[in-house]
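A.B. asks: Compact mmCIF, C-alpha atoms, saved as target-v6.txt, coming up:
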# COMPACT_ATOMS: atom_id res chain seq x y z
CA MET I 21 47.56 -13.94 -48.34
CA ASP I 22 50.33 -11.70 -47.16
CA ASP I 23 47.64 -9.63 -45.52
CA MET I 24 46.25 -12.66 -43.68
CA LYS I 25 49.56 -13.80 -42.24
CA PRO I 26 50.21 -10.93 -39.83
CA ARG I 27 46.55 -10.96 -38.78
CA SER I 28 46.77 -14.63 -37.83
CA GLU I 29 50.01 -13.85 -36.05
CA ILE I 30 48.37 -11.16 -34.02
CA ASP I 31 45.49 -13.50 -33.24
CA ASP I 32 47.95 -16.08 -32.00
CA ALA I 33 49.87 -13.50 -30.07
CA LEU I 34 46.74 -12.27 -28.30
CA ARG I 35 45.64 -15.79 -27.44
CA GLN I 36 49.13 -16.54 -26.25
CA VAL I 37 48.95 -13.57 -23.92
CA GLY I 38 45.74 -14.98 -22.46
CA LYS I 39 47.34 -18.36 -21.88
CA GLN I 40 50.38 -16.80 -20.34
CA ARG I 41 48.26 -14.81 -17.94
CA ASP I 42 46.34 -17.95 -16.98
CA GLU I 43 49.59 -19.73 -16.26
CA LEU I 44 50.60 -16.87 -14.02
CA LEU I 45 47.32 -17.24 -12.20
CA GLY I 46 48.26 -20.81 -11.35
CA GLN I 47 45.39 -22.89 -10.04
CA ARG I 48 41.80 -22.30 -10.95
CA PRO I 49 40.68 -19.47 -8.66
CA THR I 50 37.99 -20.40 -6.18
CA LEU I 51 35.74 -18.14 -4.22
CA SER I 52 37.05 -17.86 -0.70
CA LEU I 53 34.66 -17.95 2.25
CA GLN I 54 35.57 -14.40 3.11
CA ARG I 55 34.75 -13.12 -0.38
CA GLU I 56 31.56 -15.14 -0.44
CA ALA I 57 30.48 -13.64 2.89
CA ILE I 58 31.20 -10.16 1.56
CA LEU I 59 29.16 -10.77 -1.59
CA THR I 60 26.28 -12.34 0.37
CA GLY I 61 26.29 -9.38 2.75
CA PHE I 62 26.23 -6.96 -0.16
CA LEU I 63 23.34 -8.88 -1.72
CA ALA I 64 21.41 -8.74 1.55
CA ARG I 65 22.01 -5.00 1.86
CA GLU I 66 21.02 -4.35 -1.75
CA PHE I 67 17.85 -6.47 -1.59
CA LEU I 68 16.96 -5.73 2.00
CA VAL I 69 13.21 -6.29 1.73
CA GLU I 70 13.52 -9.43 -0.36
CA THR I 71 16.07 -10.93 2.03
CA GLU I 72 13.86 -10.23 5.02
CA LEU I 73 10.89 -11.76 3.26
CA CYS I 74 12.89 -14.85 2.34
CA GLN I 75 14.03 -15.28 5.91
CA ALA I 76 10.50 -14.83 7.21
CA SER I 77 9.20 -17.34 4.68
CA ALA I 78 11.86 -19.84 5.69
CA LYS I 79 10.88 -19.46 9.34
CA ARG I 80 7.21 -19.91 8.51
CA ASP I 81 8.00 -23.01 6.45
CA GLN I 82 9.83 -24.50 9.40
CA LEU I 83 6.76 -23.96 11.58
CA LEU I 84 4.45 -25.55 9.04
CA LYS I 85 3.91 -29.25 9.70
CA LEU I 86 2.45 -30.88 6.67
CA GLY I 87 1.05 -34.23 7.80
CA SER I 88 0.13 -35.44 4.36
CA PRO I 89 1.12 -33.65 1.20
CA GLU I 90 -2.19 -34.52 -0.48
CA ILE I 91 -4.83 -31.88 -1.03
CA PRO I 92 -8.16 -32.53 0.78
CA ALA I 93 -10.88 -34.01 -1.45
CA LEU I 94 -13.38 -31.23 -0.73
CA VAL I 95 -10.85 -28.50 -1.53
CA GLU I 96 -9.87 -30.30 -4.71
CA SER I 97 -13.48 -30.60 -5.84
CA ILE I 98 -14.11 -26.90 -5.20
CA LEU I 99 -10.99 -26.01 -7.15
CA HIS I 100 -12.16 -28.23 -10.01
CA TRP I 101 -15.49 -26.47 -9.90
CA GLN I 102 -13.88 -23.07 -10.15
CA LEU I 103 -11.60 -24.29 -12.92
CA ASP I 104 -14.59 -25.53 -14.91
CA ALA I 105 -16.32 -22.21 -14.40
CA LEU I 106 -13.32 -20.47 -15.95
CA GLN I 107 -13.49 -22.58 -19.10
CA PRO I 108 -14.87 -20.89 -22.24
CA PRO I 109 -18.63 -21.17 -22.94
CA PRO I 110 -20.10 -23.30 -25.79
CA ILE I 111 -19.39 -22.18 -29.35
CA ASP I 112 -23.00 -21.53 -30.44
CA ARG I 113 -23.31 -18.22 -28.56
CA PRO I 114 -20.92 -15.43 -27.56
CA PRO I 115 -19.60 -15.39 -23.99
CA GLN I 116 -21.88 -13.65 -21.55
CA LYS I 117 -21.37 -11.86 -18.33
CA LEU I 118 -22.64 -14.46 -15.86
CA ASP I 119 -21.13 -17.48 -17.56
CA GLY I 120 -18.49 -17.79 -14.90
CA LEU I 121 -21.15 -18.36 -12.27
CA LYS I 122 -22.76 -21.30 -13.97
CA PRO I 123 -21.48 -24.64 -12.70
CA SER I 124 -20.95 -27.41 -15.23
CA SER I 125 -22.55 -30.82 -14.99
CA LEU I 126 -19.20 -32.47 -14.33
CA SER I 127 -18.44 -30.23 -11.41
CA MET I 128 -21.95 -30.80 -10.10
CA GLN I 129 -21.33 -34.53 -10.15
CA GLN I 130 -18.17 -34.06 -8.18
CA LEU I 131 -20.02 -31.96 -5.69
CA SER I 132 -22.78 -34.56 -5.34
CA ALA I 133 -20.14 -37.09 -4.42
CA ASP I 134 -19.07 -34.83 -1.59
CA GLY I 135 -22.54 -34.34 -0.21
CA ASP I 136 -26.18 -34.08 -1.23
CA ARG I 137 -26.62 -30.78 0.48
CA MET I 138 -23.98 -29.11 -1.58
CA SER I 139 -25.33 -30.71 -4.73
CA ASN I 140 -28.90 -29.54 -4.16
CA LEU I 141 -27.70 -26.05 -3.48
CA GLY I 142 -25.77 -26.07 -6.71
CA GLU I 143 -28.73 -27.31 -8.75
CA ARG I 144 -31.05 -24.68 -7.34
CA LEU I 145 -28.45 -22.06 -7.99
CA SER I 146 -28.05 -23.32 -11.51
CA LEU I 147 -31.81 -23.10 -12.19
CA TRP I 148 -32.07 -19.59 -10.83
CA LEU I 149 -29.06 -18.44 -12.73
CA THR I 150 -30.43 -19.95 -15.92
CA PHE I 151 -33.71 -18.14 -15.36
CA PHE I 152 -32.10 -14.78 -14.64
CA ARG I 153 -29.83 -15.02 -17.63
CA LEU I 154 -32.84 -14.97 -19.98
CA ARG I 155 -34.15 -11.59 -21.05
CA LEU I 156 -37.73 -12.75 -20.66
CA GLY I 157 -36.93 -13.78 -17.13
CA ILE I 158 -35.56 -10.34 -16.34
CA VAL I 159 -38.69 -8.65 -17.78
CA LEU I 160 -41.01 -10.96 -15.87
CA THR I 161 -39.12 -10.37 -12.68
CA GLY I 162 -39.43 -6.61 -13.18
CA CYS I 163 -43.17 -6.86 -13.77
CA ALA I 164 -43.61 -9.02 -10.70
CA VAL I 165 -41.73 -6.52 -8.58
CA MET I 166 -43.83 -3.61 -9.88
CA VAL I 167 -47.10 -5.45 -9.21
CA ALA I 168 -45.95 -6.31 -5.72
CA VAL I 169 -45.06 -2.66 -5.04
CA LEU I 170 -48.47 -1.45 -6.30
CA LEU I 171 -50.33 -3.97 -4.17
CA TRP I 172 -48.32 -3.05 -1.14
CA LEU I 173 -48.95 0.65 -1.64
CA GLY I 174 -52.71 0.00 -1.96
CA ASN I 175 -52.75 -1.95 1.28
CA TRP I 176 -50.70 0.68 2.97
CA GLY I 177 -53.25 3.40 2.16
CA ALA I 178 -56.15 1.29 3.42
CA SER I 179 -54.47 0.32 6.65
CA SER I 180 -52.79 3.50 7.76
CA PRO I 181 -52.46 4.01 11.53
CA ARG I 182 -54.68 7.10 11.50
CA ASN I 183 -57.49 5.21 9.81
CA ALA I 184 -57.11 2.43 12.28
CA THR I 185 -57.42 4.95 15.11
CA LEU I 186 -60.58 6.39 13.64
CA ARG I 187 -62.04 2.95 13.25
CA ASP I 188 -61.23 2.02 16.81
CA ALA I 189 -62.70 5.25 18.16
CA PRO I 190 -66.45 5.38 18.89
CA ARG I 191 -68.46 6.46 15.88
CA VAL I 192 -69.26 10.14 15.79
CA GLU I 193 -72.92 9.78 14.86
CA GLU I 194 -73.49 7.56 17.83
CA MET I 195 -72.04 10.12 20.15
CA ASN I 196 -74.03 12.82 18.53
CA VAL I 197 -77.24 10.81 18.78
CA VAL I 198 -76.65 10.31 22.44
CA SER I 199 -75.75 13.90 23.02
CA GLY I 200 -78.65 14.97 20.79
CA THR I 201 -81.21 13.07 22.86
CA GLU I 202 -79.86 14.59 25.98
CA LEU I 203 -79.77 18.15 24.73
CA PHE I 204 -83.02 18.24 22.85
CA THR I 205 -86.43 16.92 23.79
CA ARG I 206 -87.06 16.19 20.21
CA LYS I 207 -86.06 12.90 18.73
CA VAL I 208 -83.44 13.31 16.11
CA SER I 209 -81.85 10.98 13.62
CA ILE I 210 -78.50 11.97 12.23
CA GLY I 211 -77.10 10.55 9.04
CA PRO I 212 -73.77 8.74 9.27
CA PHE I 213 -70.52 10.50 8.56
CA ASN I 214 -68.38 9.15 5.80
CA LEU I 215 -64.94 9.19 7.24
CA ASP I 216 -63.38 6.58 5.01
CA THR I 217 -59.92 7.67 3.96
CA ASN I 218 -60.55 6.39 0.48
CA GLN I 219 -62.68 9.51 0.15
CA PRO I 220 -60.39 12.15 1.62
CA ALA I 221 -62.76 14.97 0.65
CA SER I 222 -65.04 13.93 3.51
CA LEU I 223 -62.43 15.25 5.89
CA GLN I 224 -62.70 18.79 4.59
CA ALA I 225 -64.00 21.26 7.14
CA PHE I 226 -67.21 22.26 5.48
CA LEU I 227 -68.20 18.69 4.87
CA LEU I 228 -67.78 17.89 8.49
CA THR I 229 -70.79 20.01 9.17
CA ASN I 230 -73.49 17.40 9.30
CA ARG I 231 -76.50 18.75 7.49
CA ASP I 232 -78.17 15.37 7.24
CA VAL I 233 -80.26 15.78 10.39
CA HIS I 234 -83.84 14.64 10.62
CA PHE I 235 -86.13 15.28 13.53
CA GLY I 236 -88.65 12.78 14.71
CA ASP I 237 -91.55 15.16 14.52
CA GLY I 238 -91.09 15.49 10.78
CA ILE I 239 -90.24 19.18 10.79
CA ASP I 240 -86.98 18.99 8.89
CA ALA I 241 -86.20 22.63 8.71
CA THR I 242 -82.72 23.46 7.67
CA LEU I 243 -81.07 24.26 10.90
CA GLY I 244 -77.54 24.62 9.75
CA LEU I 245 -76.68 22.80 12.84
CA ARG I 246 -72.97 22.49 13.29
CA LEU I 247 -72.17 19.60 15.50
CA ASP I 248 -69.38 19.76 17.94
CA LEU I 249 -66.92 17.65 16.03
CA PRO I 250 -63.16 17.58 16.76
CA VAL I 251 -62.46 19.29 13.47
CA ARG I 252 -59.46 21.22 14.73
CA ALA I 253 -57.85 18.14 16.18
CA ILE I 254 -58.41 16.23 12.96
CA PHE I 255 -56.89 19.06 10.94
CA MET I 256 -53.89 19.22 13.19
CA GLU I 257 -53.38 15.52 12.92
CA ASP I 258 -53.74 15.68 9.18
CA SER I 259 -51.22 18.48 8.82
CA LEU I 260 -48.75 16.67 11.04
CA ALA I 261 -49.19 13.54 9.05
CA ARG I 262 -48.41 15.39 5.83
CA THR I 263 -45.36 17.16 7.11
CA PRO I 264 -42.32 15.49 5.49
CA MET H 16 35.76 -26.93 -24.26
CA THR H 17 33.03 -29.58 -24.05
CA ALA H 18 33.50 -29.80 -20.29
CA VAL H 19 33.38 -26.03 -19.99
CA GLN H 20 30.21 -25.63 -22.07
CA PRO H 21 27.72 -27.07 -19.50
CA ARG H 22 29.24 -24.83 -16.84
CA PHE H 23 28.66 -21.80 -19.06
CA GLU H 24 25.08 -22.88 -19.73
CA GLU H 25 24.51 -23.22 -16.01
CA ILE H 26 25.87 -19.73 -15.48
CA GLU H 27 23.57 -18.36 -18.16
CA ALA H 28 20.53 -20.04 -16.60
CA LEU H 29 21.43 -18.68 -13.17
CA GLY H 30 21.96 -15.22 -14.64
CA ARG H 31 18.45 -15.25 -16.09
CA ARG H 32 17.03 -16.37 -12.75
CA CYS H 33 18.82 -13.47 -11.07
CA ARG H 34 17.32 -11.12 -13.62
CA GLU H 35 13.87 -12.46 -12.80
CA GLY H 36 14.34 -11.60 -9.13
CA ASP H 37 15.32 -15.01 -7.79
CA LEU H 38 17.47 -14.05 -4.83
CA ALA H 39 18.64 -17.61 -4.15
CA ALA H 40 20.11 -17.82 -7.66
CA TRP H 41 22.76 -15.25 -6.75
CA SER H 42 24.15 -17.48 -4.01
CA LEU H 43 24.42 -20.33 -6.50
CA LEU H 44 25.95 -18.07 -9.11
CA PHE H 45 28.79 -16.63 -6.99
CA PRO H 46 31.01 -19.74 -6.83
CA LYS H 47 30.33 -20.65 -10.47
CA ILE H 48 31.03 -17.27 -12.02
CA TRP H 49 33.96 -16.45 -9.76
CA PRO H 50 36.76 -18.43 -11.52
CA VAL H 51 35.54 -17.37 -14.95
CA LEU H 52 35.45 -13.74 -13.96
CA VAL H 53 38.76 -13.68 -12.11
CA THR H 54 40.49 -15.38 -15.05
CA PHE H 55 38.99 -12.91 -17.49
CA VAL H 56 39.97 -9.87 -15.40
CA HIS H 57 43.46 -11.22 -14.85
CA ARG H 58 44.00 -11.38 -18.61
CA LEU H 59 43.00 -7.79 -19.17
CA TYR H 60 46.04 -5.95 -17.80
CA HIS H 61 49.61 -7.08 -17.61
CA SER H 62 50.14 -5.47 -14.24
CA PHE H 63 47.20 -7.21 -12.55
CA GLU H 64 47.96 -9.74 -9.88
CA GLN H 65 45.53 -12.33 -8.59
CA GLN H 66 44.54 -10.16 -5.66
CA ASP H 67 43.82 -7.27 -8.03
CA ALA H 68 41.79 -9.53 -10.30
CA GLU H 69 39.78 -10.78 -7.35
CA ASP H 70 39.13 -7.23 -6.12
CA VAL H 71 37.94 -6.23 -9.58
CA ALA H 72 35.80 -9.38 -9.86
CA GLN H 73 34.17 -8.64 -6.52
CA ALA H 74 33.50 -5.03 -7.53
CA SER H 75 32.07 -6.29 -10.82
CA ILE H 76 29.68 -8.71 -9.14
CA GLU H 77 28.55 -5.99 -6.75
CA ALA H 78 27.93 -3.68 -9.69
CA ALA H 79 26.03 -6.48 -11.43
CA ILE H 80 23.82 -6.98 -8.36
CA ARG H 81 23.08 -3.26 -8.32
CA THR H 82 22.28 -3.04 -12.03
CA ILE H 83 20.77 -6.44 -12.79
CA ASP H 84 17.74 -4.65 -14.27
CA THR H 85 19.88 -3.51 -17.19
CA PHE H 86 20.58 -7.10 -18.27
CA SER H 87 18.27 -7.61 -21.21
CA GLU H 88 18.31 -11.45 -21.22
CA LYS H 89 18.61 -11.38 -25.01
CA GLY H 90 22.38 -11.60 -24.85
CA LEU H 91 24.70 -13.70 -22.75
CA PHE H 92 24.92 -13.05 -19.04
CA ARG H 93 28.68 -13.61 -19.22
CA ALA H 94 29.06 -10.99 -21.93
CA TRP H 95 27.03 -8.51 -19.89
CA LEU H 96 29.10 -9.22 -16.78
CA PHE H 97 32.37 -9.04 -18.72
CA GLY H 98 31.33 -5.63 -19.98
CA ILE H 99 30.95 -4.48 -16.38
CA ALA H 100 34.26 -6.11 -15.44
CA VAL H 101 36.09 -4.35 -18.30
CA ARG H 102 34.95 -0.97 -16.98
CA GLN H 103 35.76 -1.87 -13.38
CA ALA H 104 39.19 -3.13 -14.41
CA SER H 105 39.88 0.03 -16.37
CA THR H 106 39.02 2.17 -13.35
CA PHE H 107 41.14 -0.02 -11.11
CA TYR H 108 44.05 0.06 -13.53
CA ARG H 109 44.00 3.84 -13.76
CA ALA H 110 43.84 4.16 -9.99
CA THR H 111 46.73 1.74 -9.37
CA SER H 112 48.82 3.27 -12.14
CA ALA H 113 48.42 6.70 -10.57
CA LYS H 114 49.50 5.29 -7.21
CA LYS H 115 52.53 3.63 -8.70
CA ARG H 116 53.55 6.79 -10.50
CA GLY H 117 53.45 8.65 -7.20
CA ALA H 118 55.34 6.09 -5.15
CA HIS H 119 58.45 4.66 -6.80
CA LEU H 120 59.26 2.26 -4.02
CA LEU H 121 55.95 0.43 -4.45
CA VAL H 122 57.15 -1.13 -7.72
CA PRO H 123 57.64 -4.87 -6.98
CA LEU H 124 61.25 -5.93 -7.12
CA CYS H 125 60.57 -9.59 -7.98
CA ASP H 126 57.52 -9.79 -10.19
CA PHE H 127 57.70 -13.45 -11.06
CA ASP H 128 59.12 -15.08 -7.98
CA ASP H 129 55.73 -16.55 -7.07
CA HIS H 130 55.07 -18.10 -10.48
CA LYS H 131 58.15 -19.95 -11.53
CA GLU H 132 57.85 -21.41 -15.03
CA GLU H 133 59.61 -24.71 -15.35
CA GLY H 134 61.38 -25.73 -18.57
CA LYS H 135 61.98 -22.19 -19.73
CA SER H 136 65.13 -20.24 -19.43
CA PRO H 137 64.98 -16.89 -17.67
CA ALA H 138 65.70 -15.22 -20.99
CA GLU H 139 62.69 -16.92 -22.62
CA VAL H 140 60.42 -16.02 -19.77
CA SER H 141 61.62 -12.48 -19.89
CA ALA H 142 61.08 -12.28 -23.66
CA GLN H 143 57.57 -13.69 -23.29
CA ASN H 144 56.72 -11.21 -20.62
CA ASP H 145 58.08 -8.42 -22.71
CA ARG H 146 55.90 -9.46 -25.66
CA ALA H 147 52.87 -9.70 -23.42
CA ALA H 148 53.60 -6.34 -21.88
CA ILE H 149 54.00 -4.78 -25.31
CA LEU H 150 50.74 -6.30 -26.50
CA HIS H 151 48.90 -5.02 -23.45
CA ARG H 152 50.33 -1.58 -24.02
CA ALA H 153 49.20 -1.73 -27.63
CA ILE H 154 45.70 -2.76 -26.60
CA ASN H 155 45.54 0.09 -24.10
CA GLU H 156 46.27 2.54 -26.88
CA LEU H 157 43.15 1.46 -28.79
CA PRO H 158 39.96 3.53 -28.50
CA GLU H 159 37.81 2.38 -25.62
CA SER H 160 35.04 0.86 -27.76
CA ASP H 161 37.57 -1.13 -29.80
CA ARG H 162 39.45 -2.18 -26.71
CA ASP H 163 36.19 -3.50 -25.32
CA LEU H 164 35.73 -5.71 -28.37
CA VAL H 165 39.27 -7.04 -28.18
CA HIS H 166 38.87 -7.84 -24.50
CA LEU H 167 35.58 -9.65 -25.02
CA HIS H 168 36.76 -11.61 -28.05
CA PHE H 169 40.33 -12.58 -27.12
CA PHE H 170 40.24 -12.61 -23.33
CA GLY H 171 36.53 -13.31 -22.74
CA GLU H 172 36.47 -15.89 -25.54
CA LEU H 173 33.14 -14.69 -26.85
CA THR H 174 32.17 -15.20 -30.48
CA PHE H 175 31.27 -12.35 -32.83
CA ARG H 176 27.60 -13.24 -32.44
CA GLU H 177 27.75 -13.25 -28.65
CA ILE H 178 29.53 -9.91 -28.60
CA ALA H 179 27.00 -8.53 -31.06
CA GLU H 180 24.12 -9.60 -28.82
CA ALA H 181 25.78 -8.14 -25.75
CA ARG H 182 26.66 -4.84 -27.38
CA LYS H 183 23.53 -4.64 -29.60
CA MET H 184 25.55 -4.63 -32.79
CA ASN H 185 25.55 -6.51 -36.06
CA PRO H 186 27.90 -9.54 -35.98
CA LYS H 187 29.44 -8.38 -39.26
CA THR H 188 30.14 -4.99 -37.74
CA VAL H 189 31.86 -6.70 -34.81
CA CYS H 190 33.97 -8.73 -37.23
CA THR H 191 34.92 -5.68 -39.30
CA ARG H 192 35.82 -3.60 -36.27
CA LEU H 193 37.92 -6.38 -34.79
CA THR H 194 39.81 -6.71 -38.08
CA ARG H 195 40.59 -3.00 -37.98
CA CYS H 196 41.65 -3.33 -34.35
CA LYS H 197 44.14 -6.01 -35.25
CA GLU H 198 45.56 -3.83 -38.02
CA ARG H 199 46.02 -1.01 -35.56
CA LEU H 200 47.62 -3.34 -33.08
CA LEU H 201 50.09 -4.45 -35.71
CA VAL H 202 51.00 -0.88 -36.45
CA THR H 203 51.39 -0.11 -32.79
CA LEU H 204 53.47 -3.21 -32.20
CA ALA H 205 55.72 -2.34 -35.07
CA ARG H 206 56.19 1.14 -33.70
CA LEU H 207 56.91 -0.17 -30.20
CA ASP H 208 59.34 -2.74 -31.53
CA LEU H 209 61.14 -0.06 -33.47
CA THR H 210 61.26 2.13 -30.44
CA LYS H 211 62.61 -0.80 -28.43
CA SER H 212 65.30 -1.65 -31.00
CA ASP H 213 66.25 1.99 -31.20
CA GLY H 214 66.54 2.09 -27.42
What does the file become when written as C-alpha cells?
C.D. replies:
Amino acid sequence: MDDMKPRSEIDDALRQVGKQRDELLGQRPTLSLQREAILTGFLAREFLVETELCQASAKRDQLLKLGSPEIPALVESILHWQLDALQPPPIDRPPQKLDGLKPSSLSMQQLSADGDRMSNLGERLSLWLTFFRLRLGIVLTGCAVMVAVLLWLGNWGASSPRNATLRDAPRVEEMNVVSGTELFTRKVSIGPFNLDTNQPASLQAFLLTNRDVHFGDGIDATLGLRLDLPVRAIFMEDSLARTP
Amino acid sequence: MTAVQPRFEEIEALGRRCREGDLAAWSLLFPKIWPVLVTFVHRLYHSFEQQDAEDVAQASIEAAIRTIDTFSEKGLFRAWLFGIAVRQASTFYRATSAKKRGAHLLVPLCDFDDHKEEGKSPAEVSAQNDRAAILHRAINELPESDRDLVHLHFFGELTFREIAEARKMNPKTVCTRLTRCKERLLVTLARLDLTKSDG
C-alpha cells in the first residue's frame, strides 16, 4: 500500500501537469485559415497527380448535365443479362469454359421485352452455343469440315484453269484429221487423244505420240508417225504450273 | 468524455479514409485533428508556447501526409499521429534549446503575463510552475522509448491497449514499463527536490 501511494501521487502529478498546460493554452486551439492553406498546399504538392485528377474530375462533373438520374431500360436489361451470365452454373455439373456466354431464360425474357429482334438473336445464339458445348457436336463439326474440304479439293482438280483451257481449245485429233487429209492423199482416221487431267500420264511425252492411226485403204503399217503436237508448250506450261 | 468520444471516432474514420487514398478526407481531417494535436504537443514540453505547439503540429501533419502508408490501420490513427508528433516535438525542443543556450537575451522576461490565472496567488502559481517544470525535466531524463510511453499515456490520454496497438506491444508490457517509468520519475523527482532544497 505504501508502494501504491507515491505511484498514485505521480499519476496525479502528471495529469495535473497536463491540465496546467491546457490552462496555459487558454481557448481550444482552432486551425487558422493561414495554417489550413499551408497544409492544403502541402497536400497538393505531395499528391500532385491525385490533386490534378480530382480537379479534372470536378470540372468534368460540372460539364455533365444529367437530365434524369435513372438508368435507361435497355442498358439496365443488358447489365442484368451480363450479371446473370456471371452467376454460377447449376450444381449437377462442374463449371465449364463457355458458361459465361450462355444467357439465362430470365435475361432472355427481359431482352424479348425490349425487342423481338434482340430476343431472336439471343435464342439462336443460345442454340448454337448449346450445340458447340457438346463434345459430339464438336466431333460432328470437325467431320463436316473435313468432308467439305475433300469435296472442294476434288472439284478444284477437275476444274483447274489449264483443263478449262484445253477443253475450250479445238480438239487435237480434229486438227490432225484436217491436216492429215490435206497432207496425204490417203484417208486416215486417227484415234482420239486422252487429255483428261484425271489421267495425268496421258500428258507424258512419249504418250503424246499418237500411234493409233488407221488408213482408209486398210494398210495399217506401223508408221511411227509423230504428229506435230505442241508438246513443248504443254511441258512448259506444266512445269510453270508446278513451280511453287 | 462522452462528448469527446464521437469526435475521436470521427477522426479515426477520417484517418482510415486518408490511408485508403481518399484525398478529400485530409481536408476534413485538418480542422478536427488540429486542436487535439496542438493540445497534445503543448503538454509535452514545459517551454513550449502555443506558437511552438502549432508549428510542431503542422510539421507533424505534414510528416503524416508524407508517410501515411506506414499507418497500419490496426491501431488508432491518433496514436500513430501522436507518435510522429512526439518525435517532431523532440526535434523542435532540441533545436530551440540550442538557440536559447546560444542567445541569453532571447529568454522571455515575463513568461506568464499572457495567461493570468485568477484566484491563485503569485506564489502558488510559481510553485505550480516549478513542479511542472521539474516533472518535465524528470520526464526528459527518461530513455526515449519510456518517454514515448509516458507522453502517449499521460498527455495523449491513450489507454494501455491503444498504446500497445500503436507500438505493436503487449498491453501488459506497456503497463509494466509505465510502472517502472513512474518509479524512475519518483527517484528523479526526489533527487531534484533534494538538489533544490540544497540550493
A.B. asks: Could you list the residues in chain I lying within 12 Å of chain H, using only C-alpha atoms, and format the result as a ChimeraX atom specification?
C.D. replies: /I:23-75
A.B. asks: How many Å lie between CA of Ala153 (chain H) and CA of Cys196 (chain H), rounded to one decimal?
C.D. replies: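 Atom-to-atom, CA of Ala153 (chain H) and CA of Cys196 (chain H) are spaced 10.2 Å apart.
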A.B. asks: Using Å and a single decimal, report how far CA of Ser160 (chain H) sits from CA of Cys33 (chain H).
C.D. replies: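 Separating CA of Cys33 (chain H) from CA of Ser160 (chain H) is a distance of 27.3 Å.
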A.B. asks: Would you compute the distance between CA of His100 (chain I) and CA of Asp81 (chain I)? Give it in Å to one decimal.
C.D. replies: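 Result for CA of His100 (chain I) versus CA of Asp81 (chain I): 26.5 Å, one decimal.
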A.B. asks: With a distance cut-off of 8 Å and only C-alpha atoms, select the neighbouring residues of Val189 (chain H), excluding the residue or stretch itself and same-chain residues fewer than 2 positions from it, and output the selection as a list of chain:residue names.
C.D. replies: H:Leu164, H:Phe175, H:Ile178, H:Ala179, H:Met184, H:Asn185, H:Pro186, H:Lys187, H:Thr191, H:Arg192, H:Leu193
A.B. asks: Near region 100-102 of chain H, counting only C-alpha atoms, which residues have an atom at most 7 Å away, once you skip same-chain residues fewer than 5 positions from it, shown as a ChimeraX atom specification?
C.D. replies: /H:56,71-72,75
A.B. asks: From the list H:Ala205, H:Gly98, H:Thr188, H:Phe92, which residue is nearest Glu159 (chain H) when using all atoms listed in the file?
C.D. replies: H:Gly98
A.B. asks: With N, CA and C atoms retained, output region 194-207 of chain H as a short mmCIF file (atom, residue, chain, number, x, y, z; two decimals), in the first residue's frame.
C.D. replies:
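As written to disk, selection37.cif reads:
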data_model
loop_
_atom_site.label_atom_id
_atom_site.label_comp_id
_atom_site.auth_asym_id
_atom_site.auth_seq_id
_atom_site.Cartn_x
_atom_site.Cartn_y
_atom_site.Cartn_z
N THR H 194 4.85 1.43 -15.25
CA THR H 194 5.05 1.37 -13.79
C THR H 194 6.51 1.65 -13.45
N ARG H 195 7.41 1.06 -14.22
CA ARG H 195 8.84 1.31 -13.99
C ARG H 195 9.18 2.78 -14.25
N CYS H 196 8.56 3.33 -15.28
CA CYS H 196 8.80 4.75 -15.60
C CYS H 196 8.43 5.63 -14.42
N LYS H 197 7.29 5.31 -13.82
CA LYS H 197 6.83 6.15 -12.70
C LYS H 197 7.79 6.02 -11.50
N GLU H 198 8.31 4.81 -11.31
CA GLU H 198 9.30 4.64 -10.24
C GLU H 198 10.54 5.49 -10.50
N ARG H 199 10.98 5.47 -11.72
CA ARG H 199 12.15 6.28 -12.08
C ARG H 199 11.87 7.77 -11.91
N LEU H 200 10.66 8.14 -12.29
CA LEU H 200 10.30 9.56 -12.15
C LEU H 200 10.33 9.98 -10.68
N LEU H 201 9.83 9.09 -9.85
CA LEU H 201 9.85 9.40 -8.41
C LEU H 201 11.26 9.61 -7.90
N VAL H 202 12.13 8.71 -8.34
CA VAL H 202 13.53 8.81 -7.93
C VAL H 202 14.12 10.13 -8.41
N THR H 203 13.83 10.43 -9.67
CA THR H 203 14.39 11.66 -10.24
C THR H 203 13.83 12.88 -9.53
N LEU H 204 12.54 12.84 -9.25
CA LEU H 204 11.92 13.98 -8.56
C LEU H 204 12.52 14.17 -7.18
N ALA H 205 12.73 13.06 -6.52
CA ALA H 205 13.32 13.14 -5.19
C ALA H 205 14.71 13.77 -5.27
N ARG H 206 15.46 13.34 -6.25
CA ARG H 206 16.82 13.87 -6.41
C ARG H 206 16.76 15.37 -6.72
N LEU H 207 15.85 15.76 -7.62
CA LEU H 207 15.74 17.16 -7.99
C LEU H 207 15.29 18.03 -6.81
#
